[in-house]
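Trainee: Got a structure for you, upload-v3.cif, holding mmCIF, C-alpha atoms.
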data_input
#
loop_
_atom_site.group_PDB
_atom_site.id
_atom_site.type_symbol
_atom_site.label_atom_id
_atom_site.label_comp_id
_atom_site.auth_asym_id
_atom_site.auth_seq_id
_atom_site.Cartn_x
_atom_site.Cartn_y
_atom_site.Cartn_z
ATOM 1 C CA HIS A 1 142.473 63.482 147.300
ATOM 2 C CA ASP A 2 141.585 60.226 145.463
ATOM 3 C CA SER A 3 138.062 61.566 144.883
ATOM 4 C CA ALA A 4 139.424 64.858 143.531
ATOM 5 C CA HIS A 5 141.898 62.951 141.354
ATOM 6 C CA ASP A 6 139.127 60.689 139.987
ATOM 7 C CA SER A 7 136.980 63.704 139.267
ATOM 8 C CA HIS A 8 139.897 65.354 137.488
ATOM 9 C CA GLU A 9 140.566 62.216 135.430
ATOM 10 C CA HIS A 10 136.870 62.033 134.548
ATOM 11 C CA LYS A 11 136.896 65.607 133.265
ATOM 12 C CA HIS A 12 140.186 65.544 131.377
ATOM 13 C CA GLY A 13 140.670 61.977 130.285
ATOM 14 C CA SER A 14 143.760 59.770 130.599
ATOM 15 C CA GLY A 15 147.340 60.906 130.563
ATOM 16 C CA CYS A 16 149.636 62.732 132.901
ATOM 17 C CA CYS A 17 147.486 64.313 135.577
ATOM 18 C CA ALA A 18 150.037 67.009 136.293
ATOM 19 C CA HIS A 19 150.310 67.936 132.634
ATOM 20 C CA GLU A 20 146.550 67.943 132.134
ATOM 21 C CA HIS A 21 146.049 69.975 135.295
ATOM 22 C CA GLU A 22 148.639 72.506 134.157
ATOM 23 C CA SER A 23 146.980 72.719 130.754
ATOM 24 C CA HIS A 24 143.609 73.210 132.422
ATOM 25 C CA ASP A 25 144.978 75.996 134.597
ATOM 26 C CA HIS A 26 146.538 77.694 131.582
ATOM 27 C CA GLY A 27 143.251 77.487 129.713
ATOM 28 C CA HIS A 28 141.467 78.904 132.726
ATOM 29 C CA ASP A 29 143.938 81.793 132.874
ATOM 30 C CA SER A 30 143.440 82.419 129.182
ATOM 31 C CA HIS A 31 139.688 82.360 129.660
ATOM 32 C CA SER A 32 139.887 84.795 132.544
ATOM 33 C CA HIS A 33 142.178 87.060 130.571
ATOM 34 C CA GLY A 34 139.828 87.006 127.600
ATOM 35 C CA HIS A 35 136.857 87.679 129.830
ATOM 36 C CA GLY A 36 138.614 90.651 131.393
ATOM 37 C CA HIS A 37 139.553 91.901 127.941
ATOM 38 C CA ASP A 38 135.918 91.620 126.813
ATOM 39 C CA LYS A 39 134.805 93.487 129.890
ATOM 40 C CA GLU A 40 137.362 96.201 129.214
ATOM 41 C CA GLN A 41 136.191 96.446 125.612
ATOM 42 C CA HIS A 42 132.596 96.818 126.734
ATOM 43 C CA GLY A 43 133.697 99.422 129.255
ATOM 44 C CA SER A 44 135.495 101.411 126.579
ATOM 45 C CA GLU A 45 132.406 101.302 124.390
ATOM 46 C CA ASP A 46 130.362 102.663 127.263
ATOM 47 C CA GLU A 47 132.922 105.450 127.666
ATOM 48 C CA GLU A 48 132.794 106.712 124.089
ATOM 49 C CA GLU A 49 132.934 110.433 123.490
ATOM 50 C CA GLU A 50 130.212 112.260 125.368
ATOM 51 C CA PRO A 51 127.514 113.628 123.073
ATOM 52 C CA GLU A 52 127.357 117.365 122.673
ATOM 53 C CA GLU A 53 124.592 119.095 124.564
ATOM 54 C CA GLU A 54 121.598 119.652 122.312
ATOM 55 C CA ASP A 55 121.256 123.072 120.718
ATOM 56 C CA PRO A 56 117.517 123.598 120.123
ATOM 57 C CA GLU A 57 118.120 126.746 118.073
ATOM 58 C CA LEU A 58 120.082 125.032 115.299
ATOM 59 C CA MET A 59 118.694 125.554 111.799
ATOM 60 C CA ALA A 60 118.438 122.930 109.086
ATOM 61 C CA PRO A 61 120.934 123.683 106.291
ATOM 62 C CA ASP A 62 119.178 125.279 103.313
ATOM 63 C CA SER A 63 119.931 124.065 99.798
ATOM 64 C CA ASP A 64 118.248 126.682 97.621
ATOM 65 C CA PRO A 65 120.164 127.754 94.511
ATOM 66 C CA PRO A 66 122.216 130.930 95.057
ATOM 67 C CA ALA A 67 120.251 134.175 94.862
ATOM 68 C CA GLU A 68 120.946 136.707 92.149
ATOM 69 C CA VAL A 69 123.951 138.885 92.862
ATOM 70 C CA GLY A 70 123.448 141.634 90.297
ATOM 71 C CA VAL A 71 125.970 143.325 88.058
ATOM 72 C CA ALA A 72 129.606 143.936 88.889
ATOM 73 C CA ALA A 73 130.212 147.036 90.968
ATOM 74 C CA GLY A 74 132.126 149.999 89.548
ATOM 75 C CA GLY A 75 130.126 150.664 86.378
ATOM 76 C CA GLU A 76 128.335 153.879 85.556
ATOM 77 C CA VAL A 77 124.945 154.225 87.240
ATOM 78 C CA SER A 78 122.348 156.523 85.757
ATOM 79 C CA ASP A 79 120.387 158.990 87.859
ATOM 80 C CA ALA A 80 117.244 157.019 87.178
ATOM 81 C CA ASP A 81 118.872 153.802 88.444
ATOM 82 C CA MET A 82 120.096 155.607 91.539
ATOM 83 C CA ASP A 83 116.593 156.873 92.271
ATOM 84 C CA LYS A 84 115.111 153.425 91.669
ATOM 85 C CA ALA A 85 117.714 151.809 93.924
ATOM 86 C CA GLY A 86 116.966 154.341 96.655
ATOM 87 C CA GLU A 87 113.248 153.548 96.462
ATOM 88 C CA MET A 88 113.893 149.799 96.625
ATOM 89 C CA LYS A 89 116.183 150.232 99.641
ATOM 90 C CA MET A 90 113.422 152.078 101.464
ATOM 91 C CA ALA A 91 110.888 149.399 100.471
ATOM 92 C CA ALA A 92 113.258 146.654 101.651
ATOM 93 C CA ALA A 93 113.831 148.362 104.994
ATOM 94 C CA GLU A 94 110.096 148.838 105.468
ATOM 95 C CA ALA A 95 109.351 145.204 104.623
ATOM 96 C CA ALA A 96 112.066 143.959 106.970
ATOM 97 C CA SER A 97 110.861 146.151 109.840
ATOM 98 C CA GLY A 98 107.386 144.705 109.312
ATOM 99 C CA GLY A 99 108.684 141.131 109.385
ATOM 100 C CA ASP A 100 108.139 140.478 105.674
ATOM 101 C CA TYR A 101 111.647 139.230 105.038
ATOM 102 C CA ALA A 102 110.784 137.481 101.765
ATOM 103 C CA LYS A 103 109.662 140.799 100.278
ATOM 104 C CA ALA A 104 112.746 142.492 101.719
ATOM 105 C CA VAL A 105 114.937 139.916 99.935
ATOM 106 C CA GLU A 106 113.177 140.710 96.634
ATOM 107 C CA CYS A 107 113.697 144.435 97.132
ATOM 108 C CA TYR A 108 117.369 144.066 98.066
ATOM 109 C CA THR A 109 117.858 141.828 95.009
ATOM 110 C CA SER A 110 116.447 144.652 92.846
ATOM 111 C CA VAL A 111 118.912 147.049 94.463
ATOM 112 C CA LEU A 112 121.823 144.678 93.806
ATOM 113 C CA LYS A 113 120.892 144.513 90.134
ATOM 114 C CA LEU A 114 121.191 148.301 89.964
ATOM 115 C CA MET A 115 123.851 149.235 92.525
ATOM 116 C CA PRO A 116 125.583 146.266 94.226
ATOM 117 C CA SER A 117 127.339 147.113 97.473
ATOM 118 C CA PRO A 118 128.760 145.211 100.471
ATOM 119 C CA LEU A 119 126.165 146.716 102.813
ATOM 120 C CA VAL A 120 123.226 145.660 100.640
ATOM 121 C CA PHE A 121 124.629 142.120 100.397
ATOM 122 C CA ALA A 122 124.969 142.043 104.181
ATOM 123 C CA LYS A 123 121.416 143.327 104.663
ATOM 124 C CA ARG A 124 119.976 140.772 102.254
ATOM 125 C CA GLY A 125 122.017 138.113 104.054
ATOM 126 C CA ASP A 126 120.448 139.238 107.332
ATOM 127 C CA CYS A 127 116.981 138.780 105.797
ATOM 128 C CA PHE A 128 117.924 135.306 104.566
ATOM 129 C CA LEU A 129 118.978 134.428 108.103
ATOM 130 C CA LYS A 130 115.641 135.681 109.450
ATOM 131 C CA LEU A 131 114.020 133.315 106.921
ATOM 132 C CA LYS A 132 116.094 130.466 108.428
ATOM 133 C CA LYS A 133 118.315 130.181 105.360
ATOM 134 C CA PRO A 134 121.795 130.324 106.926
ATOM 135 C CA ASN A 135 123.670 129.090 103.856
ATOM 136 C CA ALA A 136 122.127 131.808 101.676
ATOM 137 C CA ALA A 137 123.046 134.340 104.365
ATOM 138 C CA ILE A 138 126.649 133.109 104.385
ATOM 139 C CA ARG A 139 126.908 133.389 100.590
ATOM 140 C CA ASP A 140 125.740 137.021 100.672
ATOM 141 C CA CYS A 141 128.111 137.864 103.525
ATOM 142 C CA ASP A 142 130.996 136.213 101.703
ATOM 143 C CA LYS A 143 130.190 138.420 98.726
ATOM 144 C CA ALA A 144 130.098 141.515 100.937
ATOM 145 C CA LEU A 145 133.416 140.645 102.570
ATOM 146 C CA GLU A 146 135.104 140.181 99.201
ATOM 147 C CA SER A 147 134.643 143.924 98.635
ATOM 148 C CA ASN A 148 134.880 145.064 102.240
ATOM 149 C CA PRO A 149 136.727 142.683 104.605
ATOM 150 C CA ASP A 150 135.967 145.036 107.510
ATOM 151 C CA SER A 151 132.189 144.970 107.105
ATOM 152 C CA ALA A 152 131.020 144.491 110.688
ATOM 153 C CA LYS A 153 127.470 143.863 109.476
ATOM 154 C CA ALA A 154 128.551 141.042 107.164
ATOM 155 C CA LEU A 155 130.816 139.502 109.823
ATOM 156 C CA LYS A 156 128.054 139.641 112.404
ATOM 157 C CA VAL A 157 125.430 138.072 110.132
ATOM 158 C CA ARG A 158 127.828 135.386 108.881
ATOM 159 C CA GLY A 159 128.924 134.616 112.435
ATOM 160 C CA MET A 160 125.313 134.187 113.544
ATOM 161 C CA ALA A 161 124.523 132.031 110.498
ATOM 162 C CA LYS A 162 127.435 129.748 111.351
ATOM 163 C CA ARG A 163 126.289 129.642 114.968
ATOM 164 C CA TYR A 164 122.871 128.375 113.810
ATOM 165 C CA LEU A 165 124.566 125.723 111.671
ATOM 166 C CA GLY A 166 126.572 124.525 114.676
ATOM 167 C CA ASP A 167 129.920 125.738 113.318
ATOM 168 C CA TYR A 168 130.747 127.404 116.621
ATOM 169 C CA GLU A 169 134.482 127.824 116.020
ATOM 170 C CA ALA A 170 133.972 129.741 112.755
ATOM 171 C CA ALA A 171 131.136 131.699 114.364
ATOM 172 C CA GLN A 172 133.369 132.731 117.256
ATOM 173 C CA LYS A 173 136.008 134.021 114.842
ATOM 174 C CA ASP A 174 133.526 136.131 112.831
ATOM 175 C CA LEU A 175 131.683 137.502 115.858
ATOM 176 C CA ALA A 176 134.892 138.416 117.677
ATOM 177 C CA LEU A 177 136.137 140.379 114.661
ATOM 178 C CA ALA A 178 132.760 142.063 114.162
ATOM 179 C CA GLN A 179 132.703 143.151 117.802
ATOM 180 C CA ARG A 180 136.207 144.581 117.538
ATOM 181 C CA ILE A 181 135.210 146.622 114.488
ATOM 182 C CA ASP A 182 131.820 147.790 115.771
ATOM 183 C CA TYR A 183 130.643 146.567 119.177
ATOM 184 C CA ASP A 184 126.970 145.580 119.313
ATOM 185 C CA ASP A 185 125.230 144.773 122.608
ATOM 186 C CA ALA A 186 122.764 142.538 120.750
ATOM 187 C CA VAL A 187 125.601 140.232 119.697
ATOM 188 C CA ASP A 188 127.070 139.889 123.183
ATOM 189 C CA GLY A 189 124.764 137.077 124.327
ATOM 190 C CA ILE A 190 125.283 135.031 121.172
ATOM 191 C CA GLN A 191 129.026 135.513 121.424
ATOM 192 C CA ARG A 192 129.087 134.273 125.035
ATOM 193 C CA PHE A 193 127.054 131.216 124.016
ATOM 194 C CA VAL A 194 129.436 130.442 121.142
ATOM 195 C CA ILE A 195 132.528 130.885 123.333
ATOM 196 C CA LYS A 196 131.117 128.429 125.885
ATOM 197 C CA ARG A 197 130.297 125.908 123.167
ATOM 198 C CA CYS A 198 133.836 126.135 121.802
ATOM 199 C CA ALA A 199 135.305 125.674 125.281
ATOM 200 C CA ASP A 200 133.060 122.656 125.912
ATOM 201 C CA ARG A 201 134.090 121.083 122.620
ATOM 202 C CA GLN A 202 137.751 121.614 123.397
ATOM 203 C CA ALA A 203 137.353 120.114 126.866
ATOM 204 C CA ARG A 204 135.600 117.052 125.447
ATOM 205 C CA ALA A 205 138.330 116.663 122.824
ATOM 206 C CA VAL A 206 141.046 116.765 125.506
ATOM 207 C CA LYS A 207 139.137 114.259 127.645
ATOM 208 C CA GLN A 208 138.613 111.938 124.681
ATOM 209 C CA LYS A 209 142.278 112.140 123.742
ATOM 210 C CA ALA A 210 143.243 111.187 127.305
ATOM 211 C CA LYS A 211 140.849 108.215 127.212
ATOM 212 C CA GLU A 212 142.314 107.044 123.912
ATOM 213 C CA ALA A 213 145.838 107.322 125.299
ATOM 214 C CA GLU A 214 144.806 105.327 128.378
ATOM 215 C CA ARG A 215 143.211 102.617 126.242
ATOM 216 C CA ALA A 216 146.328 102.448 124.059
ATOM 217 C CA ALA A 217 148.531 102.099 127.139
ATOM 218 C CA LYS A 218 146.322 99.303 128.520
ATOM 219 C CA ALA A 219 146.379 97.498 125.174
ATOM 220 C CA ALA A 220 150.182 97.754 125.047
ATOM 221 C CA ALA A 221 150.392 96.415 128.606
ATOM 222 C CA ARG A 222 148.130 93.486 127.650
ATOM 223 C CA ARG A 223 150.325 92.680 124.652
ATOM 224 C CA ARG A 224 153.438 92.760 126.825
ATOM 225 C CA GLU A 225 151.796 90.477 129.395
ATOM 226 C CA GLU A 226 150.651 88.044 126.711
ATOM 227 C CA ALA A 227 154.164 87.972 125.239
ATOM 228 C CA ARG A 228 155.637 87.366 128.696
ATOM 229 C CA ARG A 229 153.227 84.483 129.359
ATOM 230 C CA GLU A 230 153.983 82.953 125.978
ATOM 231 C CA TYR A 231 157.707 83.209 126.666
ATOM 232 C CA GLU A 232 157.322 81.598 130.106
ATOM 233 C CA LYS A 233 155.199 78.828 128.593
ATOM 234 C CA GLN A 234 157.848 78.093 125.962
ATOM 235 C CA LYS A 235 160.562 77.971 128.632
ATOM 236 C CA GLU A 236 158.504 75.522 130.703
ATOM 237 C CA GLU A 237 157.872 73.300 127.678
ATOM 238 C CA GLU A 238 161.580 73.319 126.751
ATOM 239 C CA ALA A 239 162.544 72.448 130.331
ATOM 240 C CA ALA A 240 160.026 69.600 130.428
ATOM 241 C CA GLY A 241 160.743 68.041 127.033
ATOM 242 C CA GLY A 242 164.040 69.251 125.630
ATOM 243 C CA GLY A 243 166.513 69.107 128.547
ATOM 244 C CA GLY A 244 168.650 66.263 127.155
ATOM 245 C CA MET A 245 170.265 63.381 129.207
ATOM 246 C CA PRO A 246 171.283 64.473 132.699
ATOM 247 C CA GLY A 247 175.010 64.154 133.446
ATOM 248 C CA GLY A 248 175.987 63.661 129.811
ATOM 249 C CA MET A 249 176.835 60.367 128.053
ATOM 250 C CA PRO A 250 178.481 57.928 130.505
ATOM 251 C CA GLY A 251 181.691 56.168 129.425
ATOM 252 C CA MET A 252 181.568 52.552 128.344
ATOM 253 C CA PRO A 253 184.037 50.512 130.382
ATOM 254 C CA GLY A 254 186.272 47.899 128.754
ATOM 255 C CA MET A 255 186.637 49.749 125.481
#
Using structure tokens, write down the structure from this file.
Mentor:
Amino acid sequence: HDSAHDSHEHKHGSGCCAHEHESHDHGHDSHSHGHGHDKEQHGSEDEEEEPEEEDPELMAPDSDPPAEVGVAAGGEVSDADMDKAGEMKMAAAEAASGGDYAKAVECYTSVLKLMPSPLVFAKRGDCFLKLKKPNAAIRDCDKALESNPDSAKALKVRGMAKRYLGDYEAAQKDLALAQRIDYDDAVDGIQRFVIKRCADRQARAVKQKAKEAERAAKAAARRREEARREYEKQKEEEAAGGGGMPGGMPGMPGM
């Protein structure tokens, strides 16, 4: 005991051994608490939101200036313009079927200058998507849907463009509506993929929210514990130093 006491005095200096020992214990508790807190912080960093599974088919967003949209629909179209537009539609379809989507875009643009229509916008948008220009495709589909909100072609192309940009929620909405209007077997696989992605995102969001709530609850519990310890420490200090004279002031005889 003397050896332990000497060692303690050597470490903490002179003064009340009991007081110094208590202070040392308190510091040790604080150190342990801080260490645990650091560990918990590191743990929470390791448990950040899980990254989304890679989608190798995503396209880089295109930033080309908007393509020409032609004249406003509803004007008088001459017979010559109608014939020319018909020829350009055939040329566009032929180019697209041969995989020359850039030429198809040029031909559809010529048609739009003569006879703009929702279907032609949707078809040009489809060619833009084949050229890996999803934003251009979305612009054309938006234009088509302004005139015909029930254009299944425009909804399908826009939904696929959004899928390739990683906007799965918006893609799901467009594809679901397109399928209700005009079911297409070719869209079924993409729609299933998008639905799964949306479900995965929602599940991760719910899991992350639960983790955040758990961390908040732990932090609140730590604050309550720290407040309790501080309160207990103050009570101990008041009892040790501010208790007054025991038994009150004794009377002074003879007065």
Trainee: What's around Val111 in chain A at 8 Å? Count only C-alpha atoms, leave out sequence neighbours fewer than 2 positions away in its own chain, and write the answer as a list in words.
Mentor: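 The residues that qualify are Lys84, Ala85, Gly86, Met88, Lys89, Cys107, Tyr108, Thr109, Lys113, Leu114, Met115, Pro116 and Val120 of chain A.
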Trainee: Can those selected residues be exported to a file as a PDB file, keeping the file's coordinate frame so that it contains C-alpha atoms?
Mentor:
ATOM      1  CA  LYS A  84     115.111 153.425  91.669  1.00  0.00           C
ATOM      2  CA  ALA A  85     117.714 151.809  93.924  1.00  0.00           C
ATOM      3  CA  GLY A  86     116.966 154.341  96.655  1.00  0.00           C
ATOM      4  CA  MET A  88     113.893 149.799  96.625  1.00  0.00           C
ATOM      5  CA  LYS A  89     116.183 150.232  99.641  1.00  0.00           C
ATOM      6  CA  CYS A 107     113.697 144.435  97.132  1.00  0.00           C
ATOM      7  CA  TYR A 108     117.369 144.066  98.066  1.00  0.00           C
ATOM      8  CA  THR A 109     117.858 141.828  95.009  1.00  0.00           C
ATOM      9  CA  LYS A 113     120.892 144.513  90.134  1.00  0.00           C
ATOM     10  CA  LEU A 114     121.191 148.301  89.964  1.00  0.00           C
ATOM     11  CA  MET A 115     123.851 149.235  92.525  1.00  0.00           C
ATOM     12  CA  PRO A 116     125.583 146.266  94.226  1.00  0.00           C
ATOM     13  CA  VAL A 120     123.226 145.660 100.640  1.00  0.00           C
TER      14      VAL A 120
END
Trainee: Smallest atom-to-atom distance to Lys196 in chain A: which of A:Arg163, A:Arg228, A:Lys209, A:Lys156, using all atoms listed in the file?
Mentor: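 Using all atoms listed in the file, the shortest distance to Lys196 in chain A belongs to A:Arg163.
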Trainee: For Ala95 in chain A, which residue among A:Asp150, A:Asp83, A:Lys173, A:Arg124 is the nearest when counting all atoms listed in the file?
Mentor: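 When distances to Ala95 in chain A are compared using all atoms listed in the file, the smallest one comes from A:Arg124.
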Trainee: Between A:Ala178, A:Ala227, A:Leu58, A:Leu129, which is the closest to Gln191 in chain A once you count only C-alpha atoms?
Mentor: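 Under the stated criterion, the closest residue is A:Ala178.
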Trainee: Quick check, in Å to one decimal: how far apart do CA of Leu119 in chain A and CA of Ala80 in chain A lie?
Mentor: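 About the pair CA of Leu119 in chain A and CA of Ala80 in chain A: they are 20.7 Å apart.
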Trainee: Around (124.5, 137.0, 98.9) in the file's frame, which residues reach within 8 Å when counting only C-alpha atoms? Return as a PyMOL selection string?
Mentor: chain A and resi 66-69+121-122+124-125+136-144
Trainee: Given only C-alpha atoms as the basis, pick out the residue of A:Asp62, A:Asp174, A:Glu226, A:Glu146 nearest to Gly159 in chain A.
Mentor: A:Asp174
Trainee: Report the distance between CA of Tyr168 in chain A and CA of Asp126 in chain A in Å, rounded to one decimal place.
Mentor: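 For CA of Tyr168 in chain A relative to CA of Asp126 in chain A, the distance reads 18.2 Å.
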Trainee: Please measure the separation of CA of Ser117 in chain A and CA of Ser147 in chain A, giving the value in Å to one decimal.
Mentor: 8.1 Å
Trainee: Evaluate the PyMOL selection byres ((chain A and resi 104) around 10) against this structure - the residues, as a PyMOL selection string, please.
Mentor: chain A and resi 88-103+105-110+123-124+127-128
Trainee: Name every residue that the PyMOL selection byres ((chain A and resi 166) around 12) selects in this structure, writing the answer as a CSV table (one decimal) with C-alpha atoms, in the coordinates of the input with chains first and numbers rising.
Mentor:
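Everything below was put into out_13.csv:
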chain,number,residue,atom,x,y,z
A,52,GLU,CA,127.4,117.4,122.7
A,53,GLU,CA,124.6,119.1,124.6
A,54,GLU,CA,121.6,119.7,122.3
A,55,ASP,CA,121.3,123.1,120.7
A,56,PRO,CA,117.5,123.6,120.1
A,57,GLU,CA,118.1,126.7,118.1
A,58,LEU,CA,120.1,125.0,115.3
A,59,MET,CA,118.7,125.6,111.8
A,60,ALA,CA,118.4,122.9,109.1
A,61,PRO,CA,120.9,123.7,106.3
A,134,PRO,CA,121.8,130.3,106.9
A,159,GLY,CA,128.9,134.6,112.4
A,160,MET,CA,125.3,134.2,113.5
A,161,ALA,CA,124.5,132.0,110.5
A,162,LYS,CA,127.4,129.7,111.4
A,163,ARG,CA,126.3,129.6,115.0
A,164,TYR,CA,122.9,128.4,113.8
A,165,LEU,CA,124.6,125.7,111.7
A,167,ASP,CA,129.9,125.7,113.3
A,168,TYR,CA,130.7,127.4,116.6
A,169,GLU,CA,134.5,127.8,116.0
A,170,ALA,CA,134.0,129.7,112.8
A,171,ALA,CA,131.1,131.7,114.4
A,172,GLN,CA,133.4,132.7,117.3
A,193,PHE,CA,127.1,131.2,124.0
A,194,VAL,CA,129.4,130.4,121.1
A,197,ARG,CA,130.3,125.9,123.2
A,198,CYS,CA,133.8,126.1,121.8
A,201,ARG,CA,134.1,121.1,122.6
Trainee: Would you fill out range 102-127 of chain A with N, CA and C atoms and return it as a PDB file, in the coordinates of the input?
Mentor:
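The resulting file, rebuild-v3.pdb, is shown below:
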ATOM      1  N   ALA A 102     110.760 137.951 103.153  1.00  0.00           N
ATOM      2  CA  ALA A 102     110.784 137.481 101.765  1.00  0.00           C
ATOM      3  C   ALA A 102     110.673 138.671 100.807  1.00  0.00           C
ATOM      4  N   LYS A 103     109.785 139.602 101.117  1.00  0.00           N
ATOM      5  CA  LYS A 103     109.662 140.799 100.278  1.00  0.00           C
ATOM      6  C   LYS A 103     110.931 141.642 100.360  1.00  0.00           C
ATOM      7  N   ALA A 104     111.513 141.731 101.552  1.00  0.00           N
ATOM      8  CA  ALA A 104     112.746 142.492 101.719  1.00  0.00           C
ATOM      9  C   ALA A 104     113.859 141.909 100.852  1.00  0.00           C
ATOM     10  N   VAL A 105     113.933 140.571 100.786  1.00  0.00           N
ATOM     11  CA  VAL A 105     114.937 139.916  99.935  1.00  0.00           C
ATOM     12  C   VAL A 105     114.730 140.318  98.480  1.00  0.00           C
ATOM     13  N   GLU A 106     113.468 140.324  98.015  1.00  0.00           N
ATOM     14  CA  GLU A 106     113.177 140.710  96.634  1.00  0.00           C
ATOM     15  C   GLU A 106     113.620 142.147  96.362  1.00  0.00           C
ATOM     16  N   CYS A 107     113.327 143.030  97.316  1.00  0.00           N
ATOM     17  CA  CYS A 107     113.697 144.435  97.132  1.00  0.00           C
ATOM     18  C   CYS A 107     115.214 144.620  97.123  1.00  0.00           C
ATOM     19  N   TYR A 108     115.905 143.957  98.032  1.00  0.00           N
ATOM     20  CA  TYR A 108     117.369 144.066  98.066  1.00  0.00           C
ATOM     21  C   TYR A 108     117.987 143.472  96.796  1.00  0.00           C
ATOM     22  N   THR A 109     117.361 142.408  96.264  1.00  0.00           N
ATOM     23  CA  THR A 109     117.858 141.828  95.009  1.00  0.00           C
ATOM     24  C   THR A 109     117.728 142.848  93.876  1.00  0.00           C
ATOM     25  N   SER A 110     116.621 143.604  93.856  1.00  0.00           N
ATOM     26  CA  SER A 110     116.447 144.652  92.846  1.00  0.00           C
ATOM     27  C   SER A 110     117.522 145.722  92.985  1.00  0.00           C
ATOM     28  N   VAL A 111     117.862 146.052  94.228  1.00  0.00           N
ATOM     29  CA  VAL A 111     118.912 147.049  94.463  1.00  0.00           C
ATOM     30  C   VAL A 111     120.254 146.528  93.946  1.00  0.00           C
ATOM     31  N   LEU A 112     120.548 145.257  94.226  1.00  0.00           N
ATOM     32  CA  LEU A 112     121.823 144.678  93.806  1.00  0.00           C
ATOM     33  C   LEU A 112     121.955 144.631  92.285  1.00  0.00           C
ATOM     34  N   LYS A 113     120.845 144.507  91.593  1.00  0.00           N
ATOM     35  CA  LYS A 113     120.892 144.513  90.134  1.00  0.00           C
ATOM     36  C   LYS A 113     121.246 145.895  89.593  1.00  0.00           C
ATOM     37  N   LEU A 114     120.930 146.923  90.390  1.00  0.00           N
ATOM     38  CA  LEU A 114     121.191 148.301  89.964  1.00  0.00           C
ATOM     39  C   LEU A 114     122.505 148.832  90.529  1.00  0.00           C
ATOM     40  N   MET A 115     122.677 148.673  91.838  1.00  0.00           N
ATOM     41  CA  MET A 115     123.851 149.235  92.525  1.00  0.00           C
ATOM     42  C   MET A 115     124.354 148.267  93.602  1.00  0.00           C
ATOM     43  N   PRO A 116     125.087 147.226  93.208  1.00  0.00           N
ATOM     44  CA  PRO A 116     125.583 146.266  94.226  1.00  0.00           C
ATOM     45  C   PRO A 116     126.552 146.940  95.179  1.00  0.00           C
ATOM     46  N   SER A 117     126.432 146.574  96.458  1.00  0.00           N
ATOM     47  CA  SER A 117     127.339 147.113  97.473  1.00  0.00           C
ATOM     48  C   SER A 117     127.456 146.109  98.613  1.00  0.00           C
ATOM     49  N   PRO A 118     128.582 146.135  99.337  1.00  0.00           N
ATOM     50  CA  PRO A 118     128.760 145.211 100.471  1.00  0.00           C
ATOM     51  C   PRO A 118     127.641 145.327 101.510  1.00  0.00           C
ATOM     52  N   LEU A 119     127.194 146.541 101.790  1.00  0.00           N
ATOM     53  CA  LEU A 119     126.165 146.716 102.813  1.00  0.00           C
ATOM     54  C   LEU A 119     124.842 146.099 102.394  1.00  0.00           C
ATOM     55  N   VAL A 120     124.488 146.246 101.115  1.00  0.00           N
ATOM     56  CA  VAL A 120     123.226 145.660 100.640  1.00  0.00           C
ATOM     57  C   VAL A 120     123.305 144.131 100.671  1.00  0.00           C
ATOM     58  N   PHE A 121     124.457 143.574 100.282  1.00  0.00           N
ATOM     59  CA  PHE A 121     124.629 142.120 100.397  1.00  0.00           C
ATOM     60  C   PHE A 121     124.458 141.674 101.851  1.00  0.00           C
ATOM     61  N   ALA A 122     125.058 142.406 102.769  1.00  0.00           N
ATOM     62  CA  ALA A 122     124.969 142.043 104.181  1.00  0.00           C
ATOM     63  C   ALA A 122     123.529 142.139 104.684  1.00  0.00           C
ATOM     64  N   LYS A 123     122.814 143.164 104.229  1.00  0.00           N
ATOM     65  CA  LYS A 123     121.416 143.327 104.663  1.00  0.00           C
ATOM     66  C   LYS A 123     120.530 142.230 104.087  1.00  0.00           C
ATOM     67  N   ARG A 124     120.755 141.874 102.809  1.00  0.00           N
ATOM     68  CA  ARG A 124     119.976 140.772 102.254  1.00  0.00           C
ATOM     69  C   ARG A 124     120.331 139.471 102.976  1.00  0.00           C
ATOM     70  N   GLY A 125     121.615 139.296 103.300  1.00  0.00           N
ATOM     71  CA  GLY A 125     122.017 138.113 104.054  1.00  0.00           C
ATOM     72  C   GLY A 125     121.318 138.044 105.403  1.00  0.00           C
ATOM     73  N   ASP A 126     121.155 139.189 106.047  1.00  0.00           N
ATOM     74  CA  ASP A 126     120.448 139.238 107.332  1.00  0.00           C
ATOM     75  C   ASP A 126     119.007 138.780 107.162  1.00  0.00           C
ATOM     76  N   CYS A 127     118.364 139.201 106.059  1.00  0.00           N
ATOM     77  CA  CYS A 127     116.981 138.780 105.797  1.00  0.00           C
ATOM     78  C   CYS A 127     116.909 137.280 105.525  1.00  0.00           C
TER      79      CYS A 127
END
